[in-house]
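S.K.: Submitted below is the structure of interest, expressed as structure tokens.
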Amino acid sequence: MKSYDHNKIEKKWQKEWEKKGLYKTPDTVKGKDNFNLLVEFPYPSGNLHVGHWYAFALPDILARAMRMQGKNVLYPIGFDAFGLPAENAAIKNKLNPRKWTEGNIKYMKEQIRSMGTSFDWSREVQTIDPGYYKWTQWMFLQFYKNGLVYRKETAVNWCPKDKTVLANEQVVDGKCERCDSEVIQKQMLQWNIKITDYADRLIDDLEPLDWPKEIKESQKNWIGRSEGAEIDFPLIFANDKKYKFVMLHGYKSKGESPRWKWLKSELEKFGHEVVIPTLPNTEHPKENEQVAAALNATTYDENTVLVGHSLGGLVAMKVAERLNNKIARLVIVASAMNPAYPGYVERPFRKDFDWDIDVEKIKAIAPNRVVLSDVQEITRAPYLKDLAKQLDAQLVETKAVKEHFMADKEPDMLMWLRPTIRVFTTRADTLFGATYLVLAPEHPWIMLALDEKHNVLSNKSEVKTYVEAAKKKTELERQTNQKEKTGVELKGIKAINPATGKEIPVYVADYVLGHYGTGAVMGVPAHDERDNEFANKYGIAIVETLEPVVVVTKGGDAIKAGQPFTDRNSILAIVKHWSEEKYLAVKYLPTDVKGFVSGGIEQNEDAVAAGKREIREETGYVHAKFIRKLGSTIHCKYFSDNYQKNMLVHFAPLLFELEDDTRGDVEPHEASRHEVTWMTEKEMDTFINREDMRIAWQRANGSSFYGGDGILANSGPFDGMTTEKGEKAIAQKFGSAKKTYKLRDWIVSRQRYWGVPIPMIHCPKCGAVPVPDKELPVKLPEVKDYLPEGSGKSPLAKAKKWVQVKCPQCKGKAERETDTLDTFVDSSWYFLRYTDPKNKKKFADAKKMQNWMPVDLYSGGAEHTTMHLLYSRFWHKALFDLGLVKDAEPYKRRMNRSIILGPDGQKMSKSHGNVIDPDEVVARLGADTVRMYLAFIGPYNEVSNYPWNPDGVVGVRRFLERIVRATEFVQDDASELLTTELQHTIKKVGNDVKALKFNTAISQLMIFLNLLEKTKHIGRTQWATLLLLLAPFAPHLAEELWSVAGHDTSIHLEPWPSYDEKLLLEKEMPIAIQINGKTRGEVFVASDATKETVEAAAREAVAARLEGKKILRTIVVPGRLVNFVVEE
RNA sequence: GCCGGGAUGGCGGAAUUGGUAGACGCGCACGACUCAAAAUCGUGUAUCGUGAGAUGUGAGGGUUCGAUUCCCUCUCCCGGCACCA
């Protein structure tokens, strides 16, 4: 072959391969291991850019090499084809999004083929195929049925331009990831998936995975686990009332369970009276008996809170109906269901109760009404919602799962019975220093307090104004105004610090976030920066409860490891000038510690006296006046040069002021050790170089906080404990250990057309009802236009006929859910479908999945680290818990690929005018060149961005042309000169490809070619070997040259060449000669030479340099170097 | 602020994980071929120095016979999180 016509060659072989079905992958092959190589499937945007080449053509090198190395390689592809761009294009050009998408897919397929990729197209998966999204819907329903999906009205990120809800991941710096418009907060009823239930496992299961550290760290940061404690702060009201709680238990109960007893004792602690009558005939309750018993048990007046749980809820309403005077409040907890409602489970007491409720009477008797409902109770929740509406009551939806009003520690209802605020803290050790409480504007208690039915706040309107203003702020505004903290005190209430028993003020402030922790924090101004700022602004008390412990680990006085510490009481004296704004700066010369006067307290001496004495001794000043103590003791661990011991010094920080400049003599020994100067405040700031000095200095200068670890003080029985111990002990006594996460639940509703319809039906009676499995898939309906309505309704609502359905439960009139699923749902399981793409009965056959899962290597973009990669891990775990997949983790190994920049080093973009069109380069230089250039540009498995260098591509093309020309050198007999190098090349290329270091593999091929061009002689077998090594990189050219060399089978079905370790050794090898570690020469020795021979040869080679010098030591590293250590 | 990753010629990068720093490619310079240019081929190409030689892997220190590689301190760049209690 003389010239290299890449166009002809590449088209020819692409056709040929397809005709032969060369890349069809069987599920298993006898004697071969399976290898699942996954790349992120593309969104069919319509144009293929260099990034696609980088994403698909490079893993293809690995796929081909591994096939040759005897693996059964699955290298599948598909299209993630739902999503906004199609819909936007449809709106703009009045197209059908499906047509637009399918057109793009067709076009992109051609382009992907033109790369010479070995994808198995027979396994192609498209998310828009109803045969695929049937299973997306099915999985969603499986999760729903297992309590992983819930519907909730939440403040969501709303993009006003795209008119859709965005996931947190799609909001970047408060702006829409797609269109850059500012995202606003909107209350909407959304479908959520409980990814937060998996937060711990999503972190912990990362540990054993073969993933780059940075990806693991990113995911951990994103999930943001922090471990701390939850502590309850009781509230007291200025218009404090003692109530009588009358609590009515439910069916088959006696009101004597630990739960009721506990409730009673808790409420009694706050001075309330609690009556829990045991209602008669509890196994076969009758209305009249029960109501009469309740009425006879006690009296009801305006101080009575009537509480009823389950059947007791119904009884409570009946009791209220019969009362003649008002009561303080009626609380209905998970009331027994009205049999008229769908989903009612037949109960024996049904007919013994009158289910008609006199709503108006109840309203009149109980002006303050609350209905507690458990959102997880699918059938009862709609009834309770209706009940709350009828009663015009506050509806409180709890998150508790199993026992419908039990939270993990106490009934959620208690929060509404007993005024308590629960905070989350990671610094329980500072609880005694909590001098105020802050609630987020979104805190449920605030909502309750602002309700018109309540009157606990004396400045209600002020609070209301603040809360409403805070809610209007976007996330972005809250972020940008973070420096200036604002808040409003809730007047009329106080909280009690459970540790000190003291009353502390309660604030609402938007520096506390509603969705994190419990939405409330304790303010510890002495030990937290933010709290300190807030307390200073609002004049809140600052109480130190932690004595700092400073450990010196660097500098002249760094502690010596393993040595014991000697305790000593000392003072630290900050001395102010008598007339100027200056301070006495002391540099301790032996260790270069810079700070203030300091020294030990002698026996029978108090701290102030010691201070005065030290000032006199170190500086000579006589008339120091004691001003004040600067807060708590500061402990410092350092190495004392004076005592030659590790010291644990307890400093009493003191502030003095000189009365005049009277100065006596300083003893010469002291003078030689201290350098004393006067410094301004500013100079002092930079002068101080030890943490204990700095803490004292900050205390002298007004407000300060200490946020580090220390020893507890002012903390009662916990005094003297370290932070670590105190944290545990205090958390245990006053609260409970608890973890909190930044990760929020995954909101999957999208108010757009081009997505998977959410397979739910809304029935006015039954509430949300899943579409029965046999009716799946719920296909996307045709609509006239795709414009979102803007009100938050999806365009699917326009398909009126489609929307109208029968309720699968009650067969009454119902409507379909019109929102579609987030596209990240579609891509959360596509890799499973590759294993069995055409299955109509299951999303994939279990055995077939086992052939290929988990994925051996997943290659993709760094941008998906906290999105797709996290979602799909969650999804897989959820499937795992349902027994639908075998592994807890889907991807064994993951690598993030880099980005190809424009020639100018900027990100490729039309506006920069630096976009490289791969089609143009392919037409000019060929697909093989483009593949190889991208492979050569740098290591594939490291993230660093490579600029496209147009000259570099030409260089690679030159290499391929030189390969073509080298056919002239092929001869019958082998070239001995090349033998060793070829062995070396087989080894290096093989190893480097496996390690994804395509760049060095190619460089080795180039080294070999350089040698071949010098030798001008290569044997036929040697040539064939070279072509085999080239095949994964330049599949078309290698195939062509293979065929030219006379083979009639495809090179891509050939096995990878093996090498012989023995042949790798050269007969002679160079040994570097060093003298004192510096290279001074080189000598060639036989590769099997003994140490002695090598040393002798080396000694001879540098004899001239060694002359007259004494050799102290000789180091011989076989095969590498000889180092002579000589006297200088 | 917290966490992670990185820094090697004019450029992309290499170095068998402690053993001759700068492989391979690009660029550049000179030469050959050519009337000329392009293409191609050859030679050179870390810095300073005519040279012997010296210096050199972000900066400084340490361990070692020997450090791009290990340890400490610092600077800068990139990425993730961020009023997260």
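In the structure tokens, chains take the letters A, B, ... in the order shown, each chain's residues start at 1, and ligands count up from 1 in the order shown.
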Could you give me, as a short mmCIF file (atom, residue, chain, number, x, y, z; two decimals) with all heavy atoms, in the first residue's frame, the residues within 9 Å of segment 12-26 of chain B, counting only C-alpha atoms (C1' of nucleotides) and dropping anything in the same chain fewer than 4 positions from it?
M.R.:
data_model
loop_
_atom_site.label_atom_id
_atom_site.label_comp_id
_atom_site.auth_asym_id
_atom_site.auth_seq_id
_atom_site.Cartn_x
_atom_site.Cartn_y
_atom_site.Cartn_z
N PHE A 936 -3.47 10.37 22.69
CA PHE A 936 -2.06 10.73 22.90
C PHE A 936 -1.91 12.00 23.74
O PHE A 936 -0.87 12.27 24.33
CB PHE A 936 -1.41 10.93 21.53
CG PHE A 936 0.07 11.14 21.59
CD1 PHE A 936 0.89 10.20 22.21
CD2 PHE A 936 0.66 12.26 21.02
CE1 PHE A 936 2.27 10.39 22.27
CE2 PHE A 936 2.03 12.45 21.08
CZ PHE A 936 2.83 11.51 21.71
N ILE A 937 -2.97 12.76 23.84
CA ILE A 937 -2.91 14.12 24.41
C ILE A 937 -2.57 14.12 25.91
O ILE A 937 -2.00 15.08 26.42
CB ILE A 937 -4.27 14.81 24.14
CG1 ILE A 937 -4.16 16.32 24.13
CG2 ILE A 937 -5.34 14.35 25.11
CD1 ILE A 937 -5.38 16.98 23.51
N GLY A 938 -2.87 13.04 26.60
CA GLY A 938 -2.57 12.97 28.04
C GLY A 938 -3.25 11.77 28.65
O GLY A 938 -4.04 11.11 27.97
N PRO A 939 -2.97 11.45 29.90
CA PRO A 939 -3.59 10.27 30.51
C PRO A 939 -5.10 10.42 30.58
O PRO A 939 -5.60 11.50 30.88
CB PRO A 939 -2.97 10.19 31.90
CG PRO A 939 -2.37 11.53 32.16
CD PRO A 939 -2.09 12.15 30.84
N TYR A 946 -7.28 19.41 28.55
CA TYR A 946 -6.29 19.46 27.49
C TYR A 946 -6.74 20.35 26.34
O TYR A 946 -7.82 20.15 25.81
CB TYR A 946 -6.04 18.06 26.93
CG TYR A 946 -5.69 17.04 27.97
CD1 TYR A 946 -6.48 15.92 28.18
CD2 TYR A 946 -4.55 17.20 28.75
CE1 TYR A 946 -6.15 14.97 29.13
CE2 TYR A 946 -4.21 16.25 29.71
CZ TYR A 946 -5.01 15.15 29.89
OH TYR A 946 -4.69 14.22 30.84
N PRO A 947 -5.90 21.29 25.92
CA PRO A 947 -6.26 22.06 24.73
C PRO A 947 -6.03 21.24 23.47
O PRO A 947 -5.09 20.45 23.41
CB PRO A 947 -5.31 23.27 24.79
CG PRO A 947 -4.25 22.94 25.76
CD PRO A 947 -4.67 21.74 26.55
N ASN A 949 -4.65 20.76 20.05
CA ASN A 949 -3.54 21.39 19.34
C ASN A 949 -3.57 20.93 17.88
O ASN A 949 -3.28 19.78 17.58
CB ASN A 949 -2.23 20.98 20.02
CG ASN A 949 -1.01 21.55 19.31
OD1 ASN A 949 -1.12 22.17 18.26
ND2 ASN A 949 0.15 21.32 19.89
N ASP A 951 -1.62 21.32 15.45
CA ASP A 951 -0.35 20.75 14.97
C ASP A 951 -0.15 19.35 15.52
O ASP A 951 0.44 18.49 14.87
CB ASP A 951 0.81 21.64 15.42
CG ASP A 951 0.80 22.98 14.70
OD1 ASP A 951 0.50 23.00 13.50
OD2 ASP A 951 1.05 23.99 15.37
N GLY A 952 -0.63 19.16 16.74
CA GLY A 952 -0.50 17.85 17.38
C GLY A 952 -1.24 16.78 16.60
O GLY A 952 -0.75 15.66 16.46
N GLY A 955 0.73 15.73 13.72
CA GLY A 955 1.82 14.88 14.14
C GLY A 955 1.41 13.42 14.21
O GLY A 955 2.15 12.53 13.79
N VAL A 956 0.20 13.18 14.73
CA VAL A 956 -0.29 11.81 14.83
C VAL A 956 -0.58 11.25 13.44
O VAL A 956 -0.27 10.10 13.13
CB VAL A 956 -1.54 11.75 15.72
CG1 VAL A 956 -2.20 10.38 15.65
CG2 VAL A 956 -1.18 12.08 17.16
N ASN A 999 -1.68 7.45 26.29
CA ASN A 999 -0.63 8.34 25.78
C ASN A 999 0.73 7.66 25.78
O ASN A 999 1.47 7.75 24.81
CB ASN A 999 -0.60 9.64 26.60
CG ASN A 999 -0.45 9.41 28.10
OD1 ASN A 999 -0.85 8.36 28.62
ND2 ASN A 999 0.13 10.38 28.78
N THR A 1000 1.07 6.97 26.86
CA THR A 1000 2.39 6.34 26.89
C THR A 1000 2.43 5.08 26.05
O THR A 1000 3.48 4.71 25.54
CB THR A 1000 2.81 6.03 28.34
OG1 THR A 1000 1.73 5.38 29.01
CG2 THR A 1000 3.17 7.30 29.08
N ILE A 1002 0.96 4.81 23.16
CA ILE A 1002 1.21 5.31 21.80
C ILE A 1002 2.67 5.75 21.67
O ILE A 1002 3.32 5.49 20.65
CB ILE A 1002 0.25 6.47 21.47
CG1 ILE A 1002 -1.18 5.91 21.37
CG2 ILE A 1002 0.64 7.15 20.16
CD1 ILE A 1002 -2.25 6.97 21.23
N SER A 1003 3.20 6.38 22.71
CA SER A 1003 4.58 6.82 22.62
C SER A 1003 5.52 5.62 22.43
O SER A 1003 6.51 5.71 21.72
CB SER A 1003 4.95 7.66 23.84
OG SER A 1003 5.80 6.99 24.70
N GLN A 1004 5.17 4.49 23.04
CA GLN A 1004 6.00 3.30 22.85
C GLN A 1004 5.92 2.80 21.40
O GLN A 1004 6.92 2.38 20.82
CB GLN A 1004 5.59 2.21 23.83
CG GLN A 1004 6.40 0.94 23.76
CD GLN A 1004 7.89 1.17 23.97
OE1 GLN A 1004 8.30 2.01 24.77
NE2 GLN A 1004 8.72 0.46 23.20
N MET A 1006 5.50 4.67 18.91
CA MET A 1006 6.31 5.61 18.14
C MET A 1006 7.80 5.30 18.29
O MET A 1006 8.56 5.37 17.32
CB MET A 1006 6.03 7.04 18.62
CG MET A 1006 4.66 7.56 18.19
SD MET A 1006 4.29 9.13 19.01
CE MET A 1006 2.88 9.68 18.02
N ILE A 1007 8.19 4.94 19.51
CA ILE A 1007 9.60 4.59 19.73
C ILE A 1007 9.97 3.39 18.85
O ILE A 1007 11.01 3.37 18.21
CB ILE A 1007 9.84 4.26 21.23
CG1 ILE A 1007 9.72 5.52 22.06
CG2 ILE A 1007 11.19 3.60 21.43
CD1 ILE A 1007 9.67 5.29 23.56
N ILE A 1071 24.93 1.09 32.81
CA ILE A 1071 24.88 1.30 34.24
C ILE A 1071 25.39 2.71 34.51
O ILE A 1071 26.45 3.11 34.02
CB ILE A 1071 25.82 0.29 34.97
CG1 ILE A 1071 25.41 -1.15 34.68
CG2 ILE A 1071 25.86 0.57 36.47
CD1 ILE A 1071 24.11 -1.56 35.30
N ALA A 1072 24.60 3.47 35.25
CA ALA A 1072 25.01 4.84 35.57
C ALA A 1072 26.03 4.79 36.70
O ALA A 1072 25.93 3.97 37.61
CB ALA A 1072 23.81 5.66 36.00
N ILE A 1073 27.00 5.66 36.60
CA ILE A 1073 28.01 5.73 37.67
C ILE A 1073 27.87 7.07 38.38
O ILE A 1073 27.86 8.13 37.74
CB ILE A 1073 29.43 5.61 37.10
CG1 ILE A 1073 29.53 4.34 36.24
CG2 ILE A 1073 30.44 5.55 38.24
CD1 ILE A 1073 30.77 4.29 35.41
N GLN A 1074 27.70 7.01 39.69
CA GLN A 1074 27.56 8.23 40.46
C GLN A 1074 28.70 8.34 41.44
O GLN A 1074 29.21 7.33 41.94
CB GLN A 1074 26.25 8.23 41.25
CG GLN A 1074 25.01 8.20 40.39
CD GLN A 1074 23.75 8.28 41.23
OE1 GLN A 1074 23.76 7.92 42.39
NE2 GLN A 1074 22.69 8.77 40.62
N THR A 1079 25.70 11.99 38.93
CA THR A 1079 26.03 11.16 37.79
C THR A 1079 27.34 11.62 37.17
O THR A 1079 27.52 12.79 36.85
CB THR A 1079 24.92 11.22 36.76
OG1 THR A 1079 23.70 10.89 37.41
CG2 THR A 1079 25.17 10.22 35.64
N GLY A 1081 29.16 9.31 34.94
CA GLY A 1081 29.54 8.51 33.78
C GLY A 1081 28.61 7.34 33.58
O GLY A 1081 27.60 7.20 34.26
N GLU A 1082 28.95 6.51 32.61
CA GLU A 1082 28.09 5.40 32.25
C GLU A 1082 28.98 4.28 31.76
O GLU A 1082 30.02 4.54 31.15
CB GLU A 1082 27.15 5.85 31.14
CG GLU A 1082 25.99 4.93 30.90
CD GLU A 1082 25.08 5.48 29.80
OE1 GLU A 1082 25.60 5.79 28.70
OE2 GLU A 1082 23.87 5.59 30.04
N VAL A 1117 23.30 -0.89 42.60
CA VAL A 1117 21.91 -1.27 42.34
C VAL A 1117 21.91 -2.02 41.02
O VAL A 1117 22.14 -1.42 39.98
CB VAL A 1117 20.99 -0.04 42.26
CG1 VAL A 1117 19.55 -0.46 42.08
CG2 VAL A 1117 21.15 0.83 43.49
N ARG A 1120 21.05 -0.85 37.35
CA ARG A 1120 20.77 0.58 37.37
C ARG A 1120 22.03 1.43 37.51
O ARG A 1120 22.40 2.15 36.60
CB ARG A 1120 19.86 0.93 38.54
CG ARG A 1120 18.53 0.30 38.46
CD ARG A 1120 17.44 1.36 38.43
NE ARG A 1120 16.15 0.69 38.30
CZ ARG A 1120 15.50 0.59 37.18
NH1 ARG A 1120 15.98 1.16 36.10
NH2 ARG A 1120 14.37 -0.06 37.11
N LEU A 1121 22.66 1.34 38.69
CA LEU A 1121 23.77 2.27 38.90
C LEU A 1121 24.76 1.77 39.95
O LEU A 1121 24.49 0.84 40.70
CB LEU A 1121 23.24 3.65 39.32
CG LEU A 1121 22.33 3.76 40.54
CD1 LEU A 1121 23.07 3.61 41.84
CD2 LEU A 1121 21.64 5.10 40.51
P U B 8 4.18 22.47 36.10
OP1 U B 8 4.60 23.77 35.51
OP2 U B 8 3.20 21.63 35.41
"O5'" U B 8 5.48 21.60 36.34
"C5'" U B 8 6.65 22.19 36.91
"C4'" U B 8 7.85 21.35 36.58
"O4'" U B 8 7.52 19.95 36.79
"C3'" U B 8 8.30 21.41 35.13
"O3'" U B 8 9.13 22.54 34.91
"C2'" U B 8 9.08 20.11 35.00
"O2'" U B 8 10.36 20.24 35.57
"C1'" U B 8 8.24 19.15 35.87
N1 U B 8 7.30 18.34 35.09
C2 U B 8 7.83 17.27 34.38
O2 U B 8 9.01 17.01 34.38
N3 U B 8 6.92 16.54 33.69
C4 U B 8 5.55 16.75 33.62
O4 U B 8 4.86 15.99 32.94
C5 U B 8 5.08 17.88 34.38
C6 U B 8 5.96 18.62 35.07
P A B 46 17.90 20.51 25.86
OP1 A B 46 19.27 20.19 26.33
OP2 A B 46 17.00 19.45 25.37
"O5'" A B 46 17.14 21.30 27.03
"C5'" A B 46 15.83 21.80 26.83
"C4'" A B 46 15.47 22.68 28.01
"O4'" A B 46 15.46 21.85 29.20
"C3'" A B 46 16.47 23.79 28.29
"O3'" A B 46 16.14 24.97 27.58
"C2'" A B 46 16.32 23.98 29.81
"O2'" A B 46 15.19 24.78 30.13
"C1'" A B 46 16.06 22.55 30.28
N9 A B 46 17.29 21.83 30.67
C8 A B 46 17.84 20.75 30.04
N7 A B 46 18.93 20.30 30.62
C5 A B 46 19.11 21.16 31.70
C6 A B 46 20.08 21.23 32.70
N6 A B 46 21.10 20.38 32.80
N1 A B 46 19.96 22.20 33.63
C2 A B 46 18.94 23.06 33.54
N3 A B 46 17.95 23.08 32.64
C4 A B 46 18.10 22.11 31.74
P U B 57 14.58 21.79 41.32
OP1 U B 57 13.92 22.47 42.44
OP2 U B 57 15.50 20.65 41.58
"O5'" U B 57 13.46 21.28 40.31
"C5'" U B 57 12.63 22.22 39.62
"C4'" U B 57 11.36 21.54 39.16
"O4'" U B 57 11.72 20.37 38.38
"C3'" U B 57 10.49 21.03 40.31
"O3'" U B 57 9.13 21.21 39.93
"C2'" U B 57 10.80 19.55 40.36
"O2'" U B 57 9.73 18.77 40.85
"C1'" U B 57 11.03 19.25 38.89
N1 U B 57 11.87 18.05 38.68
C2 U B 57 11.25 16.95 38.11
O2 U B 57 10.09 16.93 37.76
N3 U B 57 12.07 15.86 37.97
C4 U B 57 13.39 15.77 38.32
O4 U B 57 14.00 14.72 38.13
C5 U B 57 13.94 16.95 38.91
C6 U B 57 13.17 18.03 39.07
P U B 64 19.76 10.70 57.79
OP1 U B 64 20.25 9.72 58.79
OP2 U B 64 20.40 12.03 57.67
"O5'" U B 64 19.78 10.01 56.36
"C5'" U B 64 19.23 8.70 56.19
"C4'" U B 64 19.26 8.32 54.74
"O4'" U B 64 18.40 9.23 53.99
"C3'" U B 64 20.61 8.48 54.05
"O3'" U B 64 21.47 7.39 54.32
"C2'" U B 64 20.20 8.57 52.58
"O2'" U B 64 19.90 7.29 52.07
"C1'" U B 64 18.90 9.39 52.68
N1 U B 64 19.14 10.82 52.42
C2 U B 64 19.03 11.26 51.11
O2 U B 64 18.73 10.53 50.19
N3 U B 64 19.28 12.60 50.92
C4 U B 64 19.62 13.52 51.87
O4 U B 64 19.82 14.69 51.55
C5 U B 64 19.73 13.00 53.21
C6 U B 64 19.48 11.70 53.43
P G B 66 23.06 11.52 50.66
OP1 G B 66 23.50 12.92 50.60
OP2 G B 66 22.25 11.04 51.79
"O5'" G B 66 22.31 11.19 49.29
"C5'" G B 66 22.87 11.68 48.07
"C4'" G B 66 22.13 11.10 46.89
"O4'" G B 66 22.18 9.66 46.94
"C3'" G B 66 20.63 11.40 46.86
"O3'" G B 66 20.38 12.68 46.34
"C2'" G B 66 20.12 10.29 45.95
"O2'" G B 66 20.37 10.57 44.59
"C1'" G B 66 21.00 9.12 46.39
N9 G B 66 20.34 8.29 47.40
C8 G B 66 20.61 8.25 48.75
N7 G B 66 19.87 7.40 49.40
C5 G B 66 19.05 6.85 48.41
C6 G B 66 18.03 5.87 48.51
O6 G B 66 17.64 5.27 49.52
N1 G B 66 17.46 5.60 47.28
C2 G B 66 17.81 6.19 46.11
N2 G B 66 17.15 5.80 45.03
N3 G B 66 18.76 7.11 46.00
C4 G B 66 19.33 7.39 47.18
P A B 67 19.13 13.47 46.84
OP1 A B 67 19.11 14.73 46.05
OP2 A B 67 19.17 13.54 48.30
"O5'" A B 67 17.87 12.57 46.42
"C5'" A B 67 17.56 12.33 45.04
"C4'" A B 67 16.10 12.67 44.80
"O4'" A B 67 15.29 11.90 45.73
"C3'" A B 67 15.74 14.12 45.03
"O3'" A B 67 14.68 14.46 44.15
"C2'" A B 67 15.23 14.15 46.45
"O2'" A B 67 14.37 15.18 46.73
"C1'" A B 67 14.51 12.80 46.52
N9 A B 67 14.39 12.25 47.87
C8 A B 67 15.02 12.65 49.01
N7 A B 67 14.68 11.97 50.07
C5 A B 67 13.75 11.05 49.59
C6 A B 67 13.01 10.03 50.21
N6 A B 67 13.09 9.76 51.52
N1 A B 67 12.18 9.31 49.44
C2 A B 67 12.10 9.58 48.14
N3 A B 67 12.76 10.51 47.44
C4 A B 67 13.56 11.21 48.23
P U B 68 15.00 15.24 42.85
OP1 U B 68 15.73 14.30 41.99
OP2 U B 68 15.60 16.53 43.25
"O5'" U B 68 13.58 15.53 42.20
"C5'" U B 68 12.77 16.57 42.72
"C4'" U B 68 11.33 16.34 42.35
"O4'" U B 68 11.25 15.79 41.02
"C3'" U B 68 10.61 15.31 43.22
"O3'" U B 68 10.16 15.90 44.41
"C2'" U B 68 9.47 14.90 42.31
"O2'" U B 68 8.40 15.84 42.36
"C1'" U B 68 10.10 14.98 40.92
N1 U B 68 10.49 13.63 40.43
C2 U B 68 9.45 12.83 39.95
O2 U B 68 8.29 13.19 39.95
N3 U B 68 9.83 11.60 39.52
C4 U B 68 11.11 11.09 39.48
O4 U B 68 11.29 9.95 39.05
C5 U B 68 12.12 11.99 39.98
C6 U B 68 11.78 13.20 40.42
P U B 69 10.35 15.14 45.81
OP1 U B 69 9.65 15.96 46.81
OP2 U B 69 11.78 14.79 45.99
"O5'" U B 69 9.55 13.78 45.60
"C5'" U B 69 8.14 13.78 45.37
"C4'" U B 69 7.67 12.38 45.07
"O4'" U B 69 8.48 11.86 43.98
"C3'" U B 69 7.84 11.42 46.24
"O3'" U B 69 6.69 10.62 46.39
"C2'" U B 69 9.05 10.56 45.86
"O2'" U B 69 8.98 9.24 46.32
"C1'" U B 69 9.01 10.61 44.33
N1 U B 69 10.37 10.50 43.76
C2 U B 69 10.65 9.47 42.88
O2 U B 69 9.81 8.64 42.55
N3 U B 69 11.93 9.42 42.42
C4 U B 69 12.94 10.30 42.73
O4 U B 69 14.05 10.13 42.23
C5 U B 69 12.58 11.33 43.64
C6 U B 69 11.34 11.40 44.12
P C B 70 5.62 11.11 47.45
OP1 C B 70 4.46 10.21 47.33
OP2 C B 70 5.46 12.56 47.35
"O5'" C B 70 6.38 10.79 48.82
"C5'" C B 70 6.33 9.50 49.40
"C4'" C B 70 7.01 9.52 50.76
"O4'" C B 70 8.46 9.50 50.57
"C3'" C B 70 6.76 10.76 51.59
"O3'" C B 70 5.53 10.70 52.26
"C2'" C B 70 7.95 10.74 52.54
"O2'" C B 70 7.76 9.79 53.57
"C1'" C B 70 9.06 10.25 51.61
N1 C B 70 9.83 11.37 51.00
C2 C B 70 10.71 12.10 51.80
O2 C B 70 10.81 11.80 53.00
N3 C B 70 11.41 13.12 51.26
C4 C B 70 11.27 13.41 49.97
N4 C B 70 11.98 14.42 49.48
C5 C B 70 10.39 12.69 49.13
C6 C B 70 9.69 11.68 49.68
#
S.K.: From segment 805-969 of chain A, collect each residue whose DSSP state is alpha helix (DSSP H) and return the set as a PyMOL selection string.
M.R.: chain A and resi 823-826+830-833+846-852+868-881+918-925+927-936+950-965
S.K.: If DSSP is run on the backbone, what residues of segment 334-552 of chain A are strand (DSSP E)? A reply as a PyMOL selection string would be ideal.
M.R.: chain A and resi 369-374+394-398+420-425+436-439+488-489+493-496+503-504+506-508+520-523+546-551
S.K.: May I have the residues of chain A within 6 Å of chain B, counting only C-alpha atoms (C1' of nucleotides), written as a compact mmCIF listing (two decimals) with C-alpha atoms, in the first residue's frame?
M.R.:
# COMPACT_ATOMS: atom_id res chain seq x y z
CA GLU A 214 -11.88 13.26 44.61
CA SER A 218 -17.30 15.31 46.38
CA ASN A 221 -19.35 16.78 50.84
CA THR A 425 -25.85 20.84 67.61
CA GLN A 482 -24.93 36.59 54.94
CA TYR A 511 -29.27 32.74 59.35
CA VAL A 521 -30.22 26.18 66.93
CA GLY A 952 -0.50 17.85 17.38
CA SER A 1003 4.58 6.82 22.62
CA ALA A 1072 25.01 4.84 35.57
CA GLY A 1077 24.98 10.76 44.22
CA VAL A 1125 30.64 7.61 48.34
S.K.: To one decimal in Å, tell me the separation between atom CA of Pro837 of chain A and atom CA of Lys774 of chain A.
M.R.: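 Atom-to-atom, atom CA of Pro837 of chain A to atom CA of Lys774 of chain A, that is 19.8 Å.
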S.K.: Just give me the gap between atom CA of Arg380 of chain A and atom CA of Pro770 of chain A in Å, one decimal is fine.
M.R.: 15.8 Å
S.K.: Just the residues within 12 Å of segment 346-348 of chain A, please, counting only C-alpha atoms (C1' of nucleotides), with nothing from its chain fewer than 4 positions along; format it as a ChimeraX atom specification.
M.R.: /A:251-252,282-286,311,336-342,352-353
